[in-house]
>>> print(open('upload.pdb').read())   # PDB, C-alpha atoms
ATOM      1  CA  PRO A   1       0.000   0.000   0.000  1.00  0.00           C
ATOM      2  CA  THR A   2       1.455   3.319  -1.081  1.00  0.00           C
ATOM      3  CA  LEU A   3       0.620   6.989  -0.825  1.00  0.00           C
ATOM      4  CA  ASP A   4       0.065   7.181  -4.586  1.00  0.00           C
ATOM      5  CA  GLN A   5      -3.275   5.448  -4.004  1.00  0.00           C
ATOM      6  CA  LEU A   6      -4.511   8.643  -2.333  1.00  0.00           C
ATOM      7  CA  ASP A   7      -5.338  12.166  -3.431  1.00  0.00           C
ATOM      8  CA  SER A   8      -4.668  14.872  -0.885  1.00  0.00           C
ATOM      9  CA  ILE A   9      -5.831  18.457  -0.750  1.00  0.00           C
ATOM     10  CA  ASP A  10      -4.782  21.039   1.823  1.00  0.00           C
ATOM     11  CA  SER A  11      -8.018  22.838   2.585  1.00  0.00           C
ATOM     12  CA  GLN A  12      -8.460  25.624   5.080  1.00  0.00           C
ATOM     13  CA  ASP A  13      -5.405  26.602   7.087  1.00  0.00           C
ATOM     14  CA  PHE A  14      -5.071  23.382   9.039  1.00  0.00           C
ATOM     15  CA  ILE A  15      -6.957  20.544   7.303  1.00  0.00           C
ATOM     16  CA  THR A  16      -5.647  17.999   4.813  1.00  0.00           C
ATOM     17  CA  VAL A  17      -8.284  15.862   3.096  1.00  0.00           C
ATOM     18  CA  PHE A  18      -7.288  12.408   1.843  1.00  0.00           C
ATOM     19  CA  SER A  19      -9.496  10.484  -0.574  1.00  0.00           C
ATOM     20  CA  PRO A  20      -8.932   7.346  -2.645  1.00  0.00           C
ATOM     21  CA  LYS A  21      -8.018   7.705  -6.320  1.00  0.00           C
ATOM     22  CA  LYS A  22     -10.216   4.666  -7.000  1.00  0.00           C
ATOM     23  CA  SER A  23     -12.546   2.526  -4.906  1.00  0.00           C
ATOM     24  CA  CYS A  24     -10.758   1.724  -1.665  1.00  0.00           C
ATOM     25  CA  SER A  25     -11.834  -0.074   1.473  1.00  0.00           C
ATOM     26  CA  THR A  26     -11.163   1.052   5.004  1.00  0.00           C
ATOM     27  CA  ALA A  27      -8.948  -2.041   5.427  1.00  0.00           C
ATOM     28  CA  THR A  28      -6.745  -0.816   2.561  1.00  0.00           C
ATOM     29  CA  LEU A  29      -6.552   2.627   4.167  1.00  0.00           C
ATOM     30  CA  ILE A  30      -5.413   1.017   7.435  1.00  0.00           C
ATOM     31  CA  HIS A  31      -2.597  -0.720   5.522  1.00  0.00           C
ATOM     32  CA  ILE A  32      -1.627   2.579   3.844  1.00  0.00           C
ATOM     33  CA  LEU A  33      -1.556   4.303   7.249  1.00  0.00           C
ATOM     34  CA  GLN A  34       0.575   1.547   8.766  1.00  0.00           C
ATOM     35  CA  ALA A  35       3.038   1.529   5.864  1.00  0.00           C
ATOM     36  CA  ASN A  36       3.368   5.332   5.912  1.00  0.00           C
ATOM     37  CA  ARG A  37       2.819   6.090   9.602  1.00  0.00           C
ATOM     38  CA  HIS A  38       5.697   8.572   9.875  1.00  0.00           C
ATOM     39  CA  TYR A  39       4.382  10.574   6.919  1.00  0.00           C
ATOM     40  CA  PHE A  40       0.920  10.874   8.481  1.00  0.00           C
ATOM     41  CA  ILE A  41       2.299  11.797  11.905  1.00  0.00           C
ATOM     42  CA  GLU A  42       4.378  14.542  10.293  1.00  0.00           C
ATOM     43  CA  LYS A  43       1.283  15.695   8.398  1.00  0.00           C
ATOM     44  CA  ILE A  44      -0.677  15.900  11.674  1.00  0.00           C
ATOM     45  CA  ALA A  45       2.135  17.964  13.212  1.00  0.00           C
ATOM     46  CA  GLN A  46       2.242  20.302  10.184  1.00  0.00           C
ATOM     47  CA  ARG A  47      -1.468  20.682   9.485  1.00  0.00           C
ATOM     48  CA  GLY A  48      -3.342  19.718  12.663  1.00  0.00           C
ATOM     49  CA  VAL A  49      -6.262  17.813  11.115  1.00  0.00           C
ATOM     50  CA  LEU A  50      -6.394  14.899   8.686  1.00  0.00           C
ATOM     51  CA  LEU A  51      -9.742  14.080   7.112  1.00  0.00           C
ATOM     52  CA  PHE A  52     -10.292  10.776   5.294  1.00  0.00           C
ATOM     53  CA  ARG A  53     -13.176  10.847   2.837  1.00  0.00           C
ATOM     54  CA  GLY A  54     -14.633   8.309   0.436  1.00  0.00           C
ATOM     55  CA  PHE A  55     -13.405   5.065   1.952  1.00  0.00           C
ATOM     56  CA  THR A  56     -16.018   2.317   2.168  1.00  0.00           C
ATOM     57  CA  PRO A  57     -17.489   1.066   4.314  1.00  0.00           C
ATOM     58  CA  CYS A  58     -16.736   2.999   7.475  1.00  0.00           C
ATOM     59  CA  SER A  59     -18.520   1.846  10.586  1.00  0.00           C
ATOM     60  CA  THR A  60     -17.707   2.984  14.112  1.00  0.00           C
ATOM     61  CA  GLU A  61     -15.564  -0.128  14.599  1.00  0.00           C
ATOM     62  CA  GLU A  62     -13.627   0.517  11.378  1.00  0.00           C
ATOM     63  CA  PHE A  63     -12.996   4.122  12.398  1.00  0.00           C
ATOM     64  CA  HIS A  64     -11.646   2.849  15.732  1.00  0.00           C
ATOM     65  CA  GLN A  65      -9.324   0.496  13.811  1.00  0.00           C
ATOM     66  CA  LEU A  66      -8.111   3.411  11.657  1.00  0.00           C
ATOM     67  CA  VAL A  67      -7.096   5.330  14.740  1.00  0.00           C
ATOM     68  CA  THR A  68      -5.653   2.462  16.780  1.00  0.00           C
ATOM     69  CA  GLN A  69      -4.173   0.129  14.164  1.00  0.00           C
ATOM     70  CA  GLY A  70      -3.532   2.583  11.363  1.00  0.00           C
ATOM     71  CA  LEU A  71      -1.992   5.471  13.295  1.00  0.00           C
ATOM     72  CA  GLY A  72      -1.105   3.810  16.590  1.00  0.00           C
ATOM     73  CA  PHE A  73      -3.301   5.766  18.995  1.00  0.00           C
ATOM     74  CA  VAL A  74      -4.075   3.873  22.212  1.00  0.00           C
ATOM     75  CA  ASN A  75      -6.662   5.299  24.615  1.00  0.00           C
ATOM     76  CA  GLY A  76      -6.463   8.626  22.796  1.00  0.00           C
ATOM     77  CA  ILE A  77      -2.670   8.853  23.072  1.00  0.00           C
ATOM     78  CA  LEU A  78      -0.325   8.614  20.102  1.00  0.00           C
ATOM     79  CA  LYS A  79       2.332   6.024  20.867  1.00  0.00           C
ATOM     80  CA  LEU A  80       5.620   7.384  19.552  1.00  0.00           C
ATOM     81  CA  THR A  81       8.795   5.421  18.995  1.00  0.00           C
ATOM     82  CA  PRO A  82      12.285   6.963  19.318  1.00  0.00           C
ATOM     83  CA  PHE A  83      12.432   7.014  15.498  1.00  0.00           C
ATOM     84  CA  THR A  84       9.178   8.970  15.332  1.00  0.00           C
ATOM     85  CA  LEU A  85      10.429  11.483  17.878  1.00  0.00           C
ATOM     86  CA  GLN A  86      13.657  11.994  15.920  1.00  0.00           C
ATOM     87  CA  MET A  87      11.713  12.492  12.677  1.00  0.00           C
ATOM     88  CA  ALA A  88       9.569  15.205  14.311  1.00  0.00           C
ATOM     89  CA  LYS A  89      12.617  17.354  15.253  1.00  0.00           C
TER      90      LYS A  89
END
>>> encode(input="upload.pdb", output="structure tokens")
Amino acid sequence: PTLDQLDSIDSQDFITVFSPKKSCSTATLIHILQANRHYFIEKIAQRGVLLFRGFTPCSTEEFHQLVTQGLGFVNGILKLTPFTLQMAK
């Protein structure tokens, strides 16, 4: 799973919207997030808000998986590794 599967648009001053270039499941998005976690964490630090639109289906459980499995948030806290912290500097 690569970033070239996604379109991204910086809208407003602090929001980046990601949408699939073609039909894409939430499970695929989770794999893209996992494979490119450092990119998305940097994007959160730069922009503040990431919005994912157009991924199907997206139930409450799938959204929870996006946050916990895809980005590594646990109980609302982003779990950072030493590599992630070094990248953010």
>>> resolve_selection(input="upload.pdb", expression="the PyMOL selection byres ((chain A and resi 11) around 12)", output="list in words")
Ser8, Ile9, Asp10, Gln12, Asp13, Phe14, Ile15, Thr16, Val17, Phe18, Arg47, Gly48, Val49, Leu50 and Leu51 of chain A
>>> atom_distance(input="upload.pdb", atom1="CA of Thr2 (chain A)", atom2="CA of Val74 (chain A)")
23.9 Å
>>> residues_around(input="upload.pdb", residues="region 24-32 of chain A", least_positions_apart="6", cutoff="12 Å", atoms="only C-alpha atoms", output="VMD selection string")
chain A and resid 1 to 7 18 38 to 40 52 to 72
>>> axis_aligned_box(input="upload.pdb", around="region 5-12 of chain A", padding_each_side="5 Å", output="AutoDock Vina command-line options")
--center_x -5.9 --center_y 15.5 --center_z 0.5 --size_x 15.2 --size_y 30.2 --size_z 19.1
